[in-house]
file target_5.tsv (TSV, C-alpha atoms)
chain	number	residue	atom	x	y	z
A	174	MET	CA	10.86	36.34	-20.44
A	175	ASP	CA	11.30	35.16	-24.00
A	176	THR	CA	7.99	35.75	-25.77
A	177	GLU	CA	8.58	32.94	-28.25
A	178	ASN	CA	6.56	29.86	-27.45
A	179	GLN	CA	8.64	26.80	-26.69
A	180	THR	CA	6.64	23.57	-26.88
A	181	GLY	CA	9.78	21.68	-25.86
A	182	VAL	CA	10.48	23.70	-22.68
A	183	SER	CA	12.71	21.60	-20.42
A	184	GLU	CA	12.02	23.16	-17.01
A	185	PHE	CA	9.99	25.66	-15.00
A	186	LEU	CA	11.02	27.98	-12.21
A	187	LEU	CA	9.03	27.90	-8.96
A	188	SER	CA	8.81	31.23	-7.15
A	189	GLY	CA	8.82	29.43	-3.80
A	190	PHE	CA	8.60	31.40	-0.57
A	191	SER	CA	10.83	34.16	0.71
A	192	GLU	CA	14.13	34.73	-1.09
A	193	ASP	CA	15.74	35.98	2.13
A	194	PRO	CA	18.75	33.63	2.65
A	195	GLU	CA	18.46	33.94	6.42
A	196	LEU	CA	14.96	32.44	6.33
A	197	GLN	CA	15.89	29.39	4.22
A	198	PRO	CA	17.29	27.23	7.09
A	199	LEU	CA	14.21	28.05	9.19
A	200	LEU	CA	11.84	27.13	6.34
A	201	PHE	CA	13.78	23.92	5.70
A	202	VAL	CA	13.58	22.79	9.34
A	203	LEU	CA	9.91	23.82	9.60
A	204	PHE	CA	8.77	21.97	6.47
A	205	LEU	CA	10.91	18.91	7.20
A	206	SER	CA	9.47	18.68	10.73
A	207	MET	CA	5.90	19.03	9.43
A	208	TYR	CA	6.54	16.38	6.78
A	209	LEU	CA	7.99	13.86	9.23
A	210	VAL	CA	5.20	14.41	11.76
A	211	SER	CA	2.59	14.04	9.00
A	212	VAL	CA	4.03	10.85	7.51
A	213	LEU	CA	4.73	9.16	10.85
A	214	GLY	CA	1.39	10.24	12.33
A	215	ASN	CA	-0.65	8.97	9.38
A	216	LEU	CA	1.35	5.72	9.21
A	217	LEU	CA	0.58	5.23	12.90
A	218	ILE	CA	-3.14	5.73	12.23
A	219	ILE	CA	-3.03	3.11	9.44
A	220	LEU	CA	-1.04	0.67	11.60
A	221	THR	CA	-3.42	1.13	14.54
A	222	ILE	CA	-6.51	0.53	12.42
A	223	THR	CA	-5.12	-2.57	10.70
A	224	SER	CA	-3.84	-4.11	13.95
A	225	ASP	CA	-7.00	-3.66	16.06
A	226	SER	CA	-10.01	-5.75	15.06
A	227	HIS	CA	-12.36	-3.40	16.98
A	228	LEU	CA	-11.51	-0.70	14.41
A	229	HIS	CA	-12.41	-2.82	11.40
A	230	THR	CA	-15.54	-0.76	10.77
A	231	PRO	CA	-16.54	1.43	7.77
A	232	MET	CA	-15.58	4.69	9.50
A	233	TYR	CA	-12.01	3.53	10.24
A	234	TYR	CA	-11.73	1.79	6.88
A	235	PHE	CA	-12.27	5.12	5.14
A	236	LEU	CA	-10.02	6.87	7.68
A	237	SER	CA	-7.14	4.54	6.75
A	238	HIS	CA	-7.63	5.51	3.09
A	239	LEU	CA	-7.68	9.19	4.08
A	240	SER	CA	-4.45	8.80	6.06
A	241	PHE	CA	-2.73	7.12	3.11
A	242	SER	CA	-3.97	9.88	0.80
A	243	ASP	CA	-2.62	12.53	3.20
A	244	ILE	CA	0.81	10.88	3.13
A	245	CYS	CA	0.72	10.99	-0.67
A	246	VAL	CA	-0.40	14.65	-0.79
A	247	ASN	CA	2.52	15.54	1.47
A	248	SER	CA	5.01	13.41	-0.44
A	249	SER	CA	4.05	14.85	-3.81
A	250	VAL	CA	4.85	18.40	-2.68
A	251	VAL	CA	7.19	18.68	0.32
A	252	PRO	CA	10.28	16.69	-0.80
A	253	LYS	CA	10.75	18.91	-3.88
A	254	VAL	CA	10.27	22.04	-1.74
A	255	LEU	CA	12.98	20.78	0.65
A	256	VAL	CA	15.36	19.94	-2.21
A	257	ASN	CA	14.92	23.41	-3.75
A	258	ILE	CA	15.53	25.13	-0.42
A	259	GLN	CA	18.61	22.99	0.28
A	260	THR	CA	20.13	23.45	-3.20
A	261	GLU	CA	19.03	27.11	-3.46
A	262	SER	CA	17.38	26.27	-6.76
A	263	LYS	CA	13.94	27.14	-8.11
A	264	ALA	CA	14.02	24.73	-11.05
A	265	ILE	CA	11.73	21.78	-11.68
A	266	THR	CA	11.81	19.76	-14.88
A	267	TYR	CA	8.85	19.83	-17.27
A	268	ALA	CA	8.19	16.12	-16.68
A	269	GLY	CA	8.63	16.60	-12.92
A	270	CYS	CA	6.15	19.47	-12.90
A	271	ILE	CA	3.47	17.52	-14.80
A	272	THR	CA	4.02	14.50	-12.53
A	273	GLN	CA	3.81	16.63	-9.37
A	274	MET	CA	0.69	18.37	-10.66
A	275	PHE	CA	-1.01	15.02	-11.36
A	276	PHE	CA	-0.24	13.37	-8.03
A	277	SER	CA	-0.91	16.42	-5.84
A	278	SER	CA	-4.23	17.09	-7.60
A	279	ALA	CA	-5.30	13.43	-7.59
A	280	PHE	CA	-4.75	12.95	-3.87
A	281	VAL	CA	-6.37	16.27	-2.91
A	282	CYS	CA	-9.36	15.20	-5.02
A	283	LEU	CA	-9.31	11.81	-3.27
A	284	ASP	CA	-9.31	13.54	0.14
A	285	ASN	CA	-12.39	15.47	-0.93
A	286	LEU	CA	-14.30	12.39	-2.06
A	287	LEU	CA	-13.32	10.37	1.01
A	288	LEU	CA	-14.53	13.15	3.32
A	289	SER	CA	-17.92	13.10	1.59
A	290	VAL	CA	-18.09	9.28	1.85
A	291	MET	CA	-17.23	9.52	5.57
A	292	ALA	CA	-20.03	12.07	6.02
A	293	TYR	CA	-22.47	9.60	4.43
A	294	ASP	CA	-21.19	6.89	6.77
A	295	ARG	CA	-21.86	9.11	9.82
A	296	PHE	CA	-25.31	9.97	8.41
A	297	VAL	CA	-26.26	6.29	8.16
A	298	ALA	CA	-24.77	5.49	11.59
A	299	ILE	CA	-26.68	8.24	13.43
A	300	CYS	CA	-29.88	8.58	11.42
A	301	HIS	CA	-30.39	4.88	10.57
A	302	PRO	CA	-28.54	2.98	13.33
A	303	LEU	CA	-30.66	-0.17	13.07
A	304	HIS	CA	-29.85	-0.56	9.36
A	305	TYR	CA	-26.21	0.55	9.60
A	306	THR	CA	-24.54	-2.85	9.27
A	307	ILE	CA	-26.78	-3.77	6.33
A	308	MET	CA	-26.44	-0.45	4.48
A	309	MET	CA	-22.70	0.01	5.09
A	310	ASN	CA	-21.66	-3.55	4.23
A	311	LYS	CA	-18.16	-4.52	3.09
A	312	HIS	CA	-19.11	-4.58	-0.59
A	313	LEU	CA	-20.53	-1.05	-0.52
A	314	CYS	CA	-17.54	0.29	1.45
A	315	GLY	CA	-15.12	-1.28	-1.03
A	316	LEU	CA	-17.12	0.10	-3.95
A	317	LEU	CA	-17.22	3.64	-2.49
A	318	ALA	CA	-13.45	3.58	-1.91
A	319	LEU	CA	-12.80	2.20	-5.40
A	320	VAL	CA	-15.01	4.82	-7.08
A	321	SER	CA	-13.27	7.59	-5.11
A	322	TRP	CA	-9.85	6.36	-6.23
A	323	LEU	CA	-10.84	5.85	-9.87
A	324	ALA	CA	-12.63	9.20	-10.17
A	325	SER	CA	-9.66	11.07	-8.67
A	326	VAL	CA	-7.05	9.35	-10.83
A	327	LEU	CA	-8.99	9.51	-14.11
A	328	VAL	CA	-10.07	13.15	-13.78
A	329	CYS	CA	-6.60	14.38	-12.82
A	330	LEU	CA	-5.01	12.22	-15.54
A	331	LEU	CA	-7.32	13.94	-18.05
A	332	HIS	CA	-6.23	17.39	-16.85
A	333	SER	CA	-2.55	16.43	-16.93
A	334	LEU	CA	-2.82	15.09	-20.49
A	335	MET	CA	-4.61	18.28	-21.56
A	336	VAL	CA	-1.74	20.36	-20.15
A	337	LEU	CA	0.66	18.47	-22.42
A	338	ARG	CA	-0.91	20.11	-25.50
A	339	LEU	CA	-0.16	23.62	-24.20
A	340	SER	CA	2.87	25.68	-25.15
A	341	PHE	CA	5.02	27.41	-22.56
A	342	CYS	CA	7.49	30.23	-22.94
A	343	ALA	CA	11.18	29.72	-22.24
A	344	HIS	CA	12.19	30.39	-18.62
A	345	THR	CA	8.58	30.22	-17.44
A	346	GLU	CA	8.17	31.04	-13.75
A	347	ILE	CA	5.25	29.54	-11.85
A	348	ALA	CA	4.07	31.85	-9.08
A	349	HIS	CA	3.83	29.08	-6.51
A	350	PHE	CA	6.01	26.76	-4.43
A	351	PHE	CA	4.82	23.69	-6.36
A	352	CYS	CA	3.13	22.91	-9.68
A	353	GLU	CA	-0.45	23.66	-8.68
A	354	MET	CA	-2.76	23.13	-11.65
A	355	THR	CA	-4.30	26.60	-11.95
A	356	GLU	CA	-0.86	28.24	-11.63
A	357	VAL	CA	0.53	26.01	-14.39
A	358	LEU	CA	-2.37	27.01	-16.66
A	359	LYS	CA	-1.71	30.69	-15.92
A	360	SER	CA	1.88	30.21	-17.08
A	361	ALA	CA	0.92	28.83	-20.51
A	362	CYS	CA	1.64	30.94	-23.57
A	363	SER	CA	-1.02	29.23	-25.67
A	364	ASP	CA	-4.79	29.40	-25.25
A	365	ALA	CA	-5.85	27.42	-22.16
A	366	LEU	CA	-9.58	28.17	-22.32
A	367	THR	CA	-10.53	24.52	-22.88
A	368	ASN	CA	-8.39	23.54	-19.89
A	369	TYR	CA	-10.07	26.12	-17.66
A	370	VAL	CA	-13.58	25.08	-18.75
A	371	THR	CA	-12.78	21.41	-18.13
A	372	LEU	CA	-11.07	22.18	-14.81
A	373	TYR	CA	-13.89	24.24	-13.33
A	374	SER	CA	-16.52	21.83	-14.66
A	375	THR	CA	-14.88	18.92	-12.88
A	376	VAL	CA	-14.33	21.04	-9.75
A	377	GLY	CA	-18.07	21.69	-9.76
A	378	LEU	CA	-18.77	17.98	-10.16
A	379	LEU	CA	-16.18	16.54	-7.76
A	380	ALA	CA	-16.04	19.31	-5.15
A	381	VAL	CA	-19.33	21.21	-5.07
A	382	VAL	CA	-21.59	18.14	-5.39
A	383	PRO	CA	-19.81	16.25	-2.56
A	384	LEU	CA	-19.89	19.43	-0.47
A	385	PHE	CA	-23.66	19.65	-0.82
A	386	GLY	CA	-23.82	15.96	0.08
A	387	ILE	CA	-21.82	16.70	3.24
A	388	ILE	CA	-24.07	19.65	4.12
A	389	PHE	CA	-27.19	17.50	3.59
A	390	SER	CA	-25.74	14.65	5.69
A	391	TYR	CA	-24.83	16.90	8.60
A	392	SER	CA	-28.13	18.76	8.51
A	393	LYS	CA	-29.87	15.40	8.99
A	394	ILE	CA	-27.30	14.34	11.62
A	395	ILE	CA	-27.77	17.52	13.67
A	396	SER	CA	-31.54	17.22	13.39
A	397	SER	CA	-31.41	13.62	14.64
A	398	ILE	CA	-29.04	14.48	17.51
A	399	LEU	CA	-31.24	17.35	18.71
A	400	LYS	CA	-34.21	14.96	18.86
A	401	MET	CA	-32.35	12.63	21.25
A	402	SER	CA	-33.69	12.78	24.81
A	403	SER	CA	-30.49	11.52	26.44
A	404	VAL	CA	-27.69	14.05	27.05
A	405	GLU	CA	-25.17	11.23	27.06
A	406	GLY	CA	-26.50	10.01	23.72
A	407	ARG	CA	-26.15	13.48	22.23
A	408	TYR	CA	-22.59	13.81	23.49
A	409	LYS	CA	-21.62	10.39	22.11
A	410	ALA	CA	-23.16	11.21	18.71
A	411	PHE	CA	-21.44	14.60	18.53
A	412	SER	CA	-18.10	13.08	19.58
A	413	THR	CA	-18.18	10.62	16.67
A	414	CYS	CA	-18.69	13.50	14.21
A	415	GLY	CA	-16.57	16.24	15.78
A	416	SER	CA	-13.23	15.11	14.35
A	417	HIS	CA	-14.62	14.65	10.86
A	418	LEU	CA	-16.41	18.00	10.92
A	419	THR	CA	-13.21	19.78	12.03
A	420	VAL	CA	-11.26	18.30	9.11
A	421	ILE	CA	-14.04	19.22	6.66
A	422	CYS	CA	-14.00	22.87	7.77
A	423	LEU	CA	-10.20	23.05	7.44
A	424	PHE	CA	-10.16	21.30	4.06
A	425	TYR	CA	-12.95	23.23	2.34
A	426	GLY	CA	-11.94	26.54	3.95
A	427	THR	CA	-8.41	26.34	2.56
A	428	GLY	CA	-9.64	24.92	-0.76
A	429	LEU	CA	-11.89	27.94	-1.14
A	430	GLY	CA	-8.90	30.18	-0.42
A	431	VAL	CA	-6.86	28.53	-3.17
A	432	TYR	CA	-9.53	28.96	-5.85
A	433	LEU	CA	-10.39	32.51	-4.81
A	434	SER	CA	-6.72	33.40	-5.13
A	435	SER	CA	-6.64	31.87	-8.61
A	436	ALA	CA	-9.57	34.09	-9.61
A	437	PHE	CA	-8.04	37.25	-8.07
A	438	PRO	CA	-4.32	37.60	-8.85
A	439	SER	CA	-3.88	40.26	-6.16
A	440	SER	CA	-4.59	37.61	-3.50
A	441	SER	CA	-1.78	35.22	-4.54
A	442	SER	CA	-0.19	35.39	-1.07
A	443	MET	CA	-3.48	34.18	0.43
A	444	GLY	CA	-3.46	31.31	-2.06
A	445	THR	CA	0.09	30.35	-1.06
A	446	VAL	CA	-0.86	30.29	2.63
A	447	ALA	CA	-4.00	28.24	1.85
A	448	SER	CA	-1.94	25.79	-0.23
A	449	VAL	CA	0.56	25.35	2.61
A	450	ILE	CA	-2.34	24.58	4.95
A	451	TYR	CA	-4.04	21.97	2.74
A	452	SER	CA	-0.85	20.33	1.43
A	453	MET	CA	1.21	20.36	4.65
A	454	VAL	CA	-0.70	21.46	7.75
A	455	ILE	CA	-3.97	19.51	7.36
A	456	PRO	CA	-2.22	16.16	6.64
A	457	MET	CA	-0.09	16.81	9.74
A	458	LEU	CA	-3.08	17.69	11.95
A	459	ASN	CA	-5.39	14.86	10.84
A	460	PRO	CA	-3.74	12.15	13.00
A	461	PHE	CA	-4.01	14.39	16.07
A	462	ILE	CA	-7.60	15.39	15.32
A	463	TYR	CA	-8.77	11.81	14.78
A	464	SER	CA	-6.79	10.26	17.66
A	465	LEU	CA	-7.02	12.84	20.46
A	466	ARG	CA	-10.78	13.37	19.98
A	467	ASN	CA	-11.67	9.70	19.57
A	468	ARG	CA	-11.93	7.24	22.49
A	469	ASP	CA	-11.66	4.16	20.28
A	470	MET	CA	-8.49	5.42	18.62
A	471	LYS	CA	-6.91	6.38	21.96
A	472	ARG	CA	-7.70	2.94	23.39
A	473	ALA	CA	-6.29	1.22	20.29
A	474	LEU	CA	-3.14	3.40	20.38
A	475	ARG	CA	-2.53	2.57	24.05
A	476	LYS	CA	-3.02	-1.12	23.25
A	477	LEU	CA	-0.58	-0.90	20.33
A	478	PHE	CA	2.08	0.92	22.35
A	479	SER	CA	1.78	-1.44	25.32
A	480	ARG	CA	2.03	-4.48	23.05
A	481	SER	CA	5.09	-2.99	21.31
A	482	PHE	CA	6.69	-2.15	24.66
A	483	PHE	CA	6.23	-5.60	26.19
A	484	SER	CA	7.44	-7.33	23.03
A	485	MET	CA	10.80	-5.52	23.24

call {"tool": "encode", "arguments": {"input": "target_5.tsv", "output": "structure tokens"}}
result
Amino acid sequence: MDTENQTGVSEFLLSGFSEDPELQPLLFVLFLSMYLVSVLGNLLIILTITSDSHLHTPMYYFLSHLSFSDICVNSSVVPKVLVNIQTESKAITYAGCITQMFFSSAFVCLDNLLLSVMAYDRFVAICHPLHYTIMMNKHLCGLLALVSWLASVLVCLLHSLMVLRLSFCAHTEIAHFFCEMTEVLKSACSDALTNYVTLYSTVGLLAVVPLFGIIFSYSKIISSILKMSSVEGRYKAFSTCGSHLTVICLFYGTGLGVYLSSAFPSSSSMGTVASVIYSMVIPMLNPFIYSLRNRDMKRALRKLFSRSFFSM
């Protein structure tokens, strides 16, 4: 690598996955299949929620935002991976890298905030059922969604603009399959201390604080469920939270893997696997988790399919 700093570097090289040419067709088919399932599944969730008036509730309102965010997370990463595999190229332009870093980070951050808002919604529904419609009114739901979007966009825009001031060496290779923010910072030739301090400060604010909010909400939810005398009531309460809790465990588990790998370079392979899970696998699984484990969604899906079938 040329040790001379090049502030006008035109492109980066992404290390990608295996360089074995025999594996490339398999990886292409695998990632393309996951992408199509994810996009179509999440679009179906959005369509189902918007077309069924019984699902026009706060929980499904936030779920539609989460599904849209998952489509965007997928679309900010996977198409470029597929193009690079197909063209046998590792290159991504400087502008393309910064753009990919912004959108992938923004929508992952949005996922995180929406999951915490959905936990609060379940907390109000189970612990304060009599006040649910008053507390979770349309204005509050719209405000929570708006704040989640604005916080995600503004924070990730700040980080992206701060990356623009850094210098990069010619022929810089990013040890990842996409422009993940911490990997881009590692590749800088200039001092990125301010970037790291800002990054981990905002991670603490927008990831750790919502996580504690989720833990608090579910501790109260579990306490309330255990106090219920009816077994049927307990089952119904658990069933409304099970899907959300599954997604939370997957999301935060893989997120922890990504940031542990950024702190310990020897665990970069673990970070790659975790990044594949949160950028490709989780968005693909979310429609199945929320539809197969949810009676209302299954009923609405059957209604949508039957209406589509009879209208043909």

call {"tool": "closest_residue", "arguments": {"input": "target_5.tsv", "among": "A:Ser402, A:Ser452, A:Gln259, A:Ser363", "to": "A:Val202", "atoms": "only C-alpha atoms"}}
result
A:Gln259

call {"tool": "closest_atom_pairs", "arguments": {"input": "target_5.tsv", "of": "stretch 335-403 of chain A", "to": "stretch 283-288 of chain A", "cutoff": "10 Å", "atoms": "only C-alpha atoms", "output": "tab-separated table"}}
result
residue	atom	partner	partner_atom	distance
A:Leu379	CA	A:Leu286	CA	7.3
A:Ala380	CA	A:Asn285	CA	6.8
A:Val381	CA	A:Asn285	CA	9.9
A:Val382	CA	A:Leu286	CA	9.9
A:Pro383	CA	A:Leu286	CA	6.7
A:Leu384	CA	A:Asn285	CA	8.5
A:Ile387	CA	A:Leu288	CA	8.1

call {"tool": "residues_around", "arguments": {"input": "target_5.tsv", "residues": "A:Val281", "least_positions_apart": "4", "cutoff": "8 Å", "atoms": "all atoms listed in the file", "output": "PyMOL selection string"}}
result
chain A and resi 242+246+277+285

call {"tool": "closest_residue", "arguments": {"input": "target_5.tsv", "among": "A:Ala318, A:Met232, A:Leu200, A:Leu186", "to": "A:Val251", "atoms": "only C-alpha atoms"}}
result
A:Leu200

call {"tool": "atom_distance", "arguments": {"input": "target_5.tsv", "atom1": "atom CA of A:Met453", "atom2": "atom CA of A:Asn247"}}
result
5.9 Å

call {"tool": "atom_distance", "arguments": {"input": "target_5.tsv", "atom1": "atom CA of A:Phe296", "atom2": "atom CA of A:Ile394"}}
result
5.8 Å

call {"tool": "axis_aligned_box", "arguments": {"input": "target_5.tsv", "around": "stretch 262-277 of chain A", "padding_each_side": "5 Å", "output": "lines of an AutoDock Vina configuration file"}}
result
center_x = 8.2
center_y = 20.3
center_z = -11.6
size_x = 28.4
size_y = 23.8
size_z = 21.4

call {"tool": "residues_around", "arguments": {"input": "target_5.tsv", "residues": "stretch 270-272 of chain A", "least_positions_apart": "2", "cutoff": "10 Å", "atoms": "only C-alpha atoms", "output": "MDAnalysis selection string"}}
result
chainID A and resid 184:187 249 264:268 274:278 330 332:334 336:337 351:354 357

call {"tool": "residues_near_point", "arguments": {"input": "target_5.tsv", "point": "(0.8, 14.8, 12.8)", "cutoff": "12 Å", "atoms": "all atoms listed in the file", "output": "PyMOL selection string"}}
result
chain A and resi 206-218+240+243-244+247+453-465

call {"tool": "atom_distance", "arguments": {"input": "target_5.tsv", "atom1": "atom CA of A:His349", "atom2": "atom CA of A:Ser188"}}
result
5.5 Å

call {"tool": "residues_near_point", "arguments": {"input": "target_5.tsv", "point": "(-7.6, 24.5, -27.1)", "cutoff": "12 Å", "atoms": "all atoms listed in the file", "output": "short mmCIF file (atom, residue, chain, number, x, y, z; two decimals) with C-alpha atoms, in the frame of the given file"}}
result
data_model
loop_
_atom_site.label_atom_id
_atom_site.label_comp_id
_atom_site.auth_asym_id
_atom_site.auth_seq_id
_atom_site.Cartn_x
_atom_site.Cartn_y
_atom_site.Cartn_z
CA MET A 335 -4.61 18.28 -21.56
CA VAL A 336 -1.74 20.36 -20.15
CA LEU A 337 0.66 18.47 -22.42
CA ARG A 338 -0.91 20.11 -25.50
CA LEU A 339 -0.16 23.62 -24.20
CA SER A 340 2.87 25.68 -25.15
CA LEU A 358 -2.37 27.01 -16.66
CA ALA A 361 0.92 28.83 -20.51
CA CYS A 362 1.64 30.94 -23.57
CA SER A 363 -1.02 29.23 -25.67
CA ASP A 364 -4.79 29.40 -25.25
CA ALA A 365 -5.85 27.42 -22.16
CA LEU A 366 -9.58 28.17 -22.32
CA THR A 367 -10.53 24.52 -22.88
CA ASN A 368 -8.39 23.54 -19.89
CA TYR A 369 -10.07 26.12 -17.66
CA VAL A 370 -13.58 25.08 -18.75
CA THR A 371 -12.78 21.41 -18.13
#

call {"tool": "closest_residue", "arguments": {"input": "target_5.tsv", "among": "A:Ser248, A:Asn467, A:Ser321, A:Ser479", "to": "A:Gln273", "atoms": "all atoms listed in the file"}}
result
A:Ser248

call {"tool": "closest_atom_pairs", "arguments": {"input": "target_5.tsv", "of": "stretch 363-449 of chain A", "to": "stretch 298-315 of chain A", "cutoff": "10 Å", "atoms": "all atoms listed in the file", "output": "Markdown table"}}
result
| residue | atom | partner | partner_atom | distance |
| --- | --- | --- | --- | --- |
| A:Ser390 | CA | A:Cys300 | CA | 9.3 |
| A:Lys393 | CA | A:Cys300 | CA | 7.2 |
| A:Ile394 | CA | A:Cys300 | CA | 6.3 |
| A:Ile395 | CA | A:Ile299 | CA | 9.3 |
| A:Ser396 | CA | A:Cys300 | CA | 9.0 |
| A:Ser397 | CA | A:Cys300 | CA | 6.2 |
| A:Ile398 | CA | A:Ile299 | CA | 7.8 |
| A:Ala410 | CA | A:Ile299 | CA | 7.0 |
| A:Phe411 | CA | A:Ile299 | CA | 9.7 |
| A:Thr413 | CA | A:Ile299 | CA | 9.4 |
| A:Cys414 | CA | A:Ile299 | CA | 9.6 |
